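Visitor: Have a look at this one before I ask anything.
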Amino acid sequence: MKNTGKLPILIVAVLAWIVIISSCANPGMPEGGYRDTIPPVLLKTDPVYKSVDNKSSEVRLTFNEYLNTEEISEALVVSPPMTKKPSILTKSKTLIVKFNEELKDSTTYSLDFKSSLADNNEKNIIEDFRFSFSTGPVYDSLRVSGHLADAFNLKPVEKGLVLLHSNLHDSAVFKVRPDYIAKTDKEGKFLIDNIAPGKYHIFALNDANNNLIYNEGAEEIAFYDSIVVPSAVFEAEPDTIRTEKDTIVVLGHTHFSPEPIYLSQFTEDLFEQYLETSKRDSRYKCTFVFGEPVKDTFALRLLNYNTENWYQIEYNEKFDSLSVWITDTLAARLDTLMAEVAYFQLDSMDQVFLKKDTVELAFVDLEKERAQKRKKDKDESEKKTVEQFNWQTDLNGATVELNKKLGISSPEPLFAFDETKIKMYLSEDTLKMPLKFSIEKDTITYRKYLIGYKWLPGTTYSFEIDSAAAINIFGISSRKFTTRFSSREEDFYGSLELDLSNVVMPLVVQLCSNSDEEKVVAERFISTDGKVLFDYLLPEKYKIKLIYDSNGNGKWDTGSFQDKTQPEKVIYLNQVHKVRSNWDESLVWDVKPDYSFVKNIRDFEQEEKARKEAEEKAKKAKEGENRQQMQDLMQGSGTGLGF
């Protein structure tokens, strides 16, 4: 009876012991054993790695486990390049690379598998696996490394083809296969290994047709201005090691030259004029797209209808695409227009001549248009209303930015516009006293007009355009248009000031959206050391880009291999910048040209958020693991308490 009172205390003590033990117990082996996280191990090679005088037509690599071969064929790069692609075979745990052409004599071959070798079960990868051998008595071991990026936005070029030519003639890249090749990894890095001593030119291509030759105008290219002379020097370290036999071992490393080469890949701006597209979008509109700008060189003549002054042209910003509005209603009624298009072209001697093309412009959706016309005629007979067009604005919702103009646009070109029929008032003004504002045509966008006014912060405006204020080229007048919009409070915006030093040439400083498109939000131009202000900025994240505008034309210019000119250099601030409301910030930036600059823009706020989320996830996983261990221990001990 006396022991009965002590029983609950004993149970509590045992349970407490279980909890304590579970908190520090080692986790047991999960069912099926531990997950394999170790990449395959190379056990044997035939021929021997870095061997000489090899005459075999294949390479055998034996590993300690079976391989997954799905990506090997595509990833493998053999240098010097081969005309025929090697065959990839497996026999048990041996990978066989079988060459389908005779190997060159006295040549060192490099097989770069990148990260394509992985085991068959867990896909554990052998990173950057390479193998090499020589067909002659000498093993070449020189190398050239570097980085390849897009010249305009500095994005690393993955799987870009890098070529090394011993033929130093300028035409070699157009006509001759390279002596050595490599492909860039996802970070744009490349390594050409096992190079023989000599002088070389280095290029990079997006080799679209896989012929290892530059197709001018159709492919992107990068080139290095100087001749590359690879070399290697052993540099002894000052420290030494004395062995048990009192022998001094000199430590050191091999220094390879040249230093990493930074290549900028671009598309040459070659004059290649042609009529790419000609179509009739509607009865009253046609679209023409050209390979090059055609401003002041375009002419259009109807062949199946005799008329003059029958169209009006609108060009896009680059002048290589244009819209032709048909103003002659009789011409517009024709289902098919036969037209002669004339524009300037260059012949094989780069001499200008007038090129003429005959095009057929057919309006194809005839039945739909007839049905719409019948419905329209019926509606007009039932409802005697006058057809009018609607105005559109570029307002962001119902908000106008303090530093922006209000844009209004019409759907078709205007024949006449009475600007005095536009009125604007303060919405709270019961007397409706008209405000004085400016109006001008947008120099970039056709059919758009800009309303300029010094907006007051946090103020609501009423905007009106009277009916028939404008008439388009088809004689249709505008509807009455009214809208209300408000300006933001001034403390909603933030500002960013850049203090630039070491300015050695004209610069274009751009504030870009924090997106892959990097849309330019605002840009400034500077040619001397000083401060650049971006004000009235929305509280968002931005990227900051800088163009070294060497020719001072206010824009980025591509390169030319023909003229041996590199594309204009671009750099970024390698940090996403967050603008906050009612906050002014200044940054100091040394913009001395750095031709080894690599774009690696970091968002520290996002990184910190990801770090905290990872910690929280790991914490929850650990808590779940501890709970599971406790349950397992309690279940295993439940029948062994002896009660």
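As shown in the structure tokens, the chain order sets the letters A, B, ...; within each chain, residues go from 1, and ligands are also counted from 1 in the order they appear.
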Using DSSP on the backbone, list every residue of segment 597-629 of chain A that comes out as helix (DSSP H, G or I), and give them as a count of residues only.
Guide: 26
Visitor: Would you list the contacts of Ser560 of chain A as a list in words, taking every protein, DNA or RNA residue within 8 Å and counting only C-alpha atoms, but skipping same-chain residues closer than 5 positions in sequence?
Guide: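 The residues satisfying every condition are Glu268, Asp269, Thr565, Gln566 and Pro567 of chain A.
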Visitor: Go ahead and write the residues just picked, C-alpha atoms, as an mmCIF file, in the first residue's frame.
Guide:
```
data_model
loop_
_atom_site.group_PDB
_atom_site.id
_atom_site.type_symbol
_atom_site.label_atom_id
_atom_site.label_comp_id
_atom_site.auth_asym_id
_atom_site.auth_seq_id
_atom_site.Cartn_x
_atom_site.Cartn_y
_atom_site.Cartn_z
ATOM 1 C CA GLU A 268 27.140 44.606 -85.511
ATOM 2 C CA ASP A 269 24.981 47.409 -86.847
ATOM 3 C CA THR A 565 35.686 49.360 -82.555
ATOM 4 C CA GLN A 566 34.385 47.898 -79.307
ATOM 5 C CA PRO A 567 30.823 48.556 -78.104
#
```
Visitor: Using only C-alpha atoms, can you tell me which of A:Glu308, A:Asp296, A:Asp128, A:Asp603 comes closest to Leu322 of chain A?
Guide: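 The answer is A:Asp296, which sits nearest to Leu322 of chain A.
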Visitor: I'd like the contact shell of segment 525-532 of chain A - 9 Å cut-off, only C-alpha atoms, skipping same-chain residues fewer than 5 positions apart - returned as a PyMOL selection string.
Guide: chain A and resi 496-510+552+554
Visitor: Do you have the atom CA of Thr460 of chain A-atom CA of Gly494 of chain A distance handy?
Guide: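 Rounded to one decimal, the two atoms are 21.4 Å apart.
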Visitor: I want to know what sits within 10 Å of Lys578 of chain A, based on only C-alpha atoms, with residues of the same chain fewer than 5 positions away left out; could you give that as a PyMOL selection string?
Guide: chain A and resi 494+496+514+538-543+603+605
Visitor: Extract, using only C-alpha atoms, all DNA, RNA and protein residues at most 9 Å from Gln265 of chain A, discarding same-chain residues fewer than 3 positions from it, and format them as a short mmCIF file (atom, residue, chain, number, x, y, z; two decimals) with N, CA, C and O atoms, in the first residue's frame.
Guide:
```cif
data_model
loop_
_atom_site.label_atom_id
_atom_site.label_comp_id
_atom_site.auth_asym_id
_atom_site.auth_seq_id
_atom_site.Cartn_x
_atom_site.Cartn_y
_atom_site.Cartn_z
N LEU A 148 32.66 36.27 -70.51
CA LEU A 148 31.90 36.75 -71.66
C LEU A 148 30.55 37.27 -71.18
O LEU A 148 29.82 36.57 -70.47
N ALA A 149 30.22 38.51 -71.57
CA ALA A 149 28.95 39.12 -71.17
C ALA A 149 28.34 39.86 -72.35
O ALA A 149 29.05 40.26 -73.29
N ASP A 150 27.03 40.04 -72.30
CA ASP A 150 26.34 40.86 -73.29
C ASP A 150 26.79 42.31 -73.12
O ASP A 150 26.80 42.85 -72.02
N ALA A 151 27.17 42.95 -74.22
CA ALA A 151 27.75 44.30 -74.14
C ALA A 151 26.76 45.34 -73.64
O ALA A 151 27.16 46.31 -72.99
N PHE A 152 25.47 45.16 -73.91
CA PHE A 152 24.49 46.19 -73.57
C PHE A 152 24.05 46.14 -72.11
O PHE A 152 23.91 47.16 -71.46
N VAL A 157 26.93 35.52 -70.61
CA VAL A 157 26.50 34.72 -71.76
C VAL A 157 26.80 33.26 -71.47
O VAL A 157 27.96 32.87 -71.36
N ALA A 204 34.49 35.45 -79.58
CA ALA A 204 33.35 34.72 -79.03
C ALA A 204 32.16 34.91 -79.96
O ALA A 204 31.98 36.00 -80.53
N LEU A 205 31.37 33.87 -80.13
CA LEU A 205 30.21 33.91 -81.03
C LEU A 205 29.02 33.24 -80.36
O LEU A 205 29.19 32.34 -79.53
N ASN A 206 27.81 33.66 -80.73
CA ASN A 206 26.65 32.80 -80.48
C ASN A 206 26.44 32.02 -81.77
O ASN A 206 25.66 32.39 -82.64
N GLU A 220 25.99 37.22 -83.13
CA GLU A 220 26.69 38.16 -82.26
C GLU A 220 28.16 37.77 -82.19
O GLU A 220 28.51 36.60 -82.35
N ILE A 221 29.01 38.76 -81.90
CA ILE A 221 30.45 38.52 -81.86
C ILE A 221 31.07 39.33 -80.74
O ILE A 221 30.54 40.36 -80.32
N ALA A 222 32.19 38.83 -80.22
CA ALA A 222 33.04 39.59 -79.31
C ALA A 222 34.47 39.35 -79.76
O ALA A 222 34.80 38.26 -80.24
N PHE A 223 35.31 40.36 -79.63
CA PHE A 223 36.71 40.19 -80.03
C PHE A 223 37.61 40.96 -79.08
O PHE A 223 37.19 41.93 -78.44
N GLY A 559 29.31 47.81 -81.21
CA GLY A 559 30.66 47.77 -81.79
C GLY A 559 30.64 47.40 -83.26
O GLY A 559 29.59 47.17 -83.87
N PRO A 567 32.06 47.89 -78.54
CA PRO A 567 30.82 48.56 -78.10
C PRO A 567 31.13 49.47 -76.92
O PRO A 567 32.09 49.24 -76.18
#
```
Visitor: What does the structure give for the distance between atom CA of Val324 of chain A and atom CA of Lys356 of chain A, in Å to one decimal?
Guide: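 Spanning atom CA of Val324 of chain A to atom CA of Lys356 of chain A is a straight-line distance of 17.3 Å.
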Visitor: Using atom CA of Leu587 of chain A and atom CA of Phe492 of chain A as the two end points, give the distance in Å to one decimal.
Guide: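 Atom CA of Phe492 of chain A lies at a distance of 20.7 Å from atom CA of Leu587 of chain A.
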Visitor: Out of segment 140-312 of chain A, which residues get strand (DSSP E) from DSSP, as a VMD selection string?
Guide: chain A and resid 142 to 150 161 to 165 180 to 183 189 to 195 201 to 205 221 to 223 231 to 242 248 to 257 261 to 265 275 to 282 285 to 290 299 to 302 311 to 312
Visitor: Would you kindly return, as a ChimeraX atom specification, each protein, DNA or RNA residue with an atom no farther than 8 Å from any atom of Leu426 of chain A, considering only C-alpha atoms and excluding same-chain residues fewer than 6 positions away?
Guide: /A:432-433,435,459-462
Visitor: Between A:Asn551, A:Gln351, A:Ser171, A:Ser477, which is the closest to Glu216 of chain A once you count only C-alpha atoms?
Guide: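 Checking each of A:Asn551, A:Gln351, A:Ser171, A:Ser477 against Glu216 of chain A, counting only C-alpha atoms, the winner is A:Ser171.
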Visitor: When distances are computed from only C-alpha atoms, which of A:Phe203, A:Trp589, A:Phe234, A:Phe290 shows the smallest separation from Leu263 of chain A?
Guide: A:Phe203
Visitor: Please provide as a list in words all residues within 7 Å of Arg283 of chain A, with the sequence filter that same-chain residues fewer than 2 positions apart are discarded (counting only C-alpha atoms).
Guide: Lys285, Ala332, Arg333 and Phe363 of chain A
Visitor: Take the residues from that selection and write them out as a JSON list (two decimals), in the first residue's frame, keeping all heavy atoms.
Guide:
```json
[["chain", "number", "residue", "atom", "x", "y", "z"],
["A", 285, "LYS", "N", -5.56, 51.36, -92.89],
["A", 285, "LYS", "CA", -4.22, 51.36, -92.32],
["A", 285, "LYS", "C", -3.38, 50.20, -92.86],
["A", 285, "LYS", "O", -3.85, 49.06, -92.91],
["A", 285, "LYS", "CB", -4.29, 51.27, -90.79],
["A", 285, "LYS", "CG", -2.93, 51.34, -90.12],
["A", 285, "LYS", "CD", -3.08, 51.15, -88.61],
["A", 285, "LYS", "CE", -1.73, 51.14, -87.93],
["A", 285, "LYS", "NZ", -1.83, 50.85, -86.48],
["A", 332, "ALA", "N", -9.55, 53.35, -100.11],
["A", 332, "ALA", "CA", -9.76, 52.47, -98.96],
["A", 332, "ALA", "C", -10.83, 51.43, -99.24],
["A", 332, "ALA", "O", -10.80, 50.33, -98.67],
["A", 332, "ALA", "CB", -10.14, 53.30, -97.74],
["A", 333, "ARG", "N", -11.78, 51.74, -100.14],
["A", 333, "ARG", "CA", -12.85, 50.80, -100.42],
["A", 333, "ARG", "C", -12.37, 49.61, -101.25],
["A", 333, "ARG", "O", -13.05, 48.58, -101.32],
["A", 333, "ARG", "CB", -13.99, 51.51, -101.16],
["A", 333, "ARG", "CG", -14.77, 52.46, -100.26],
["A", 333, "ARG", "CD", -15.85, 53.19, -101.06],
["A", 333, "ARG", "NE", -16.52, 54.19, -100.23],
["A", 333, "ARG", "CZ", -17.44, 55.03, -100.71],
["A", 333, "ARG", "NH1", -17.78, 54.97, -102.01],
["A", 333, "ARG", "NH2", -18.01, 55.91, -99.90],
["A", 363, "PHE", "N", -7.18, 43.41, -97.91],
["A", 363, "PHE", "CA", -7.92, 43.38, -96.66],
["A", 363, "PHE", "C", -8.66, 42.05, -96.62],
["A", 363, "PHE", "O", -9.61, 41.83, -97.36],
["A", 363, "PHE", "CB", -8.90, 44.56, -96.57],
["A", 363, "PHE", "CG", -9.59, 44.63, -95.24],
["A", 363, "PHE", "CD1", -8.88, 44.97, -94.10],
["A", 363, "PHE", "CD2", -10.94, 44.34, -95.13],
["A", 363, "PHE", "CE1", -9.51, 45.04, -92.87],
["A", 363, "PHE", "CE2", -11.57, 44.41, -93.90],
["A", 363, "PHE", "CZ", -10.85, 44.75, -92.76]]
```
Visitor: Tell me which of A:Phe63, A:Tyr315, A:Phe99, A:Trp310 sits closest to Tyr446 of chain A, counting only C-alpha atoms.
Guide: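 Between A:Phe63, A:Tyr315, A:Phe99, A:Trp310, the residue approaching Tyr446 of chain A most closely is A:Tyr315.
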Visitor: Of the candidates A:Lys295, A:Lys175, A:Lys189, A:Lys612, which one gets nearest to Lys114 of chain A if we count only C-alpha atoms?
Guide: A:Lys189
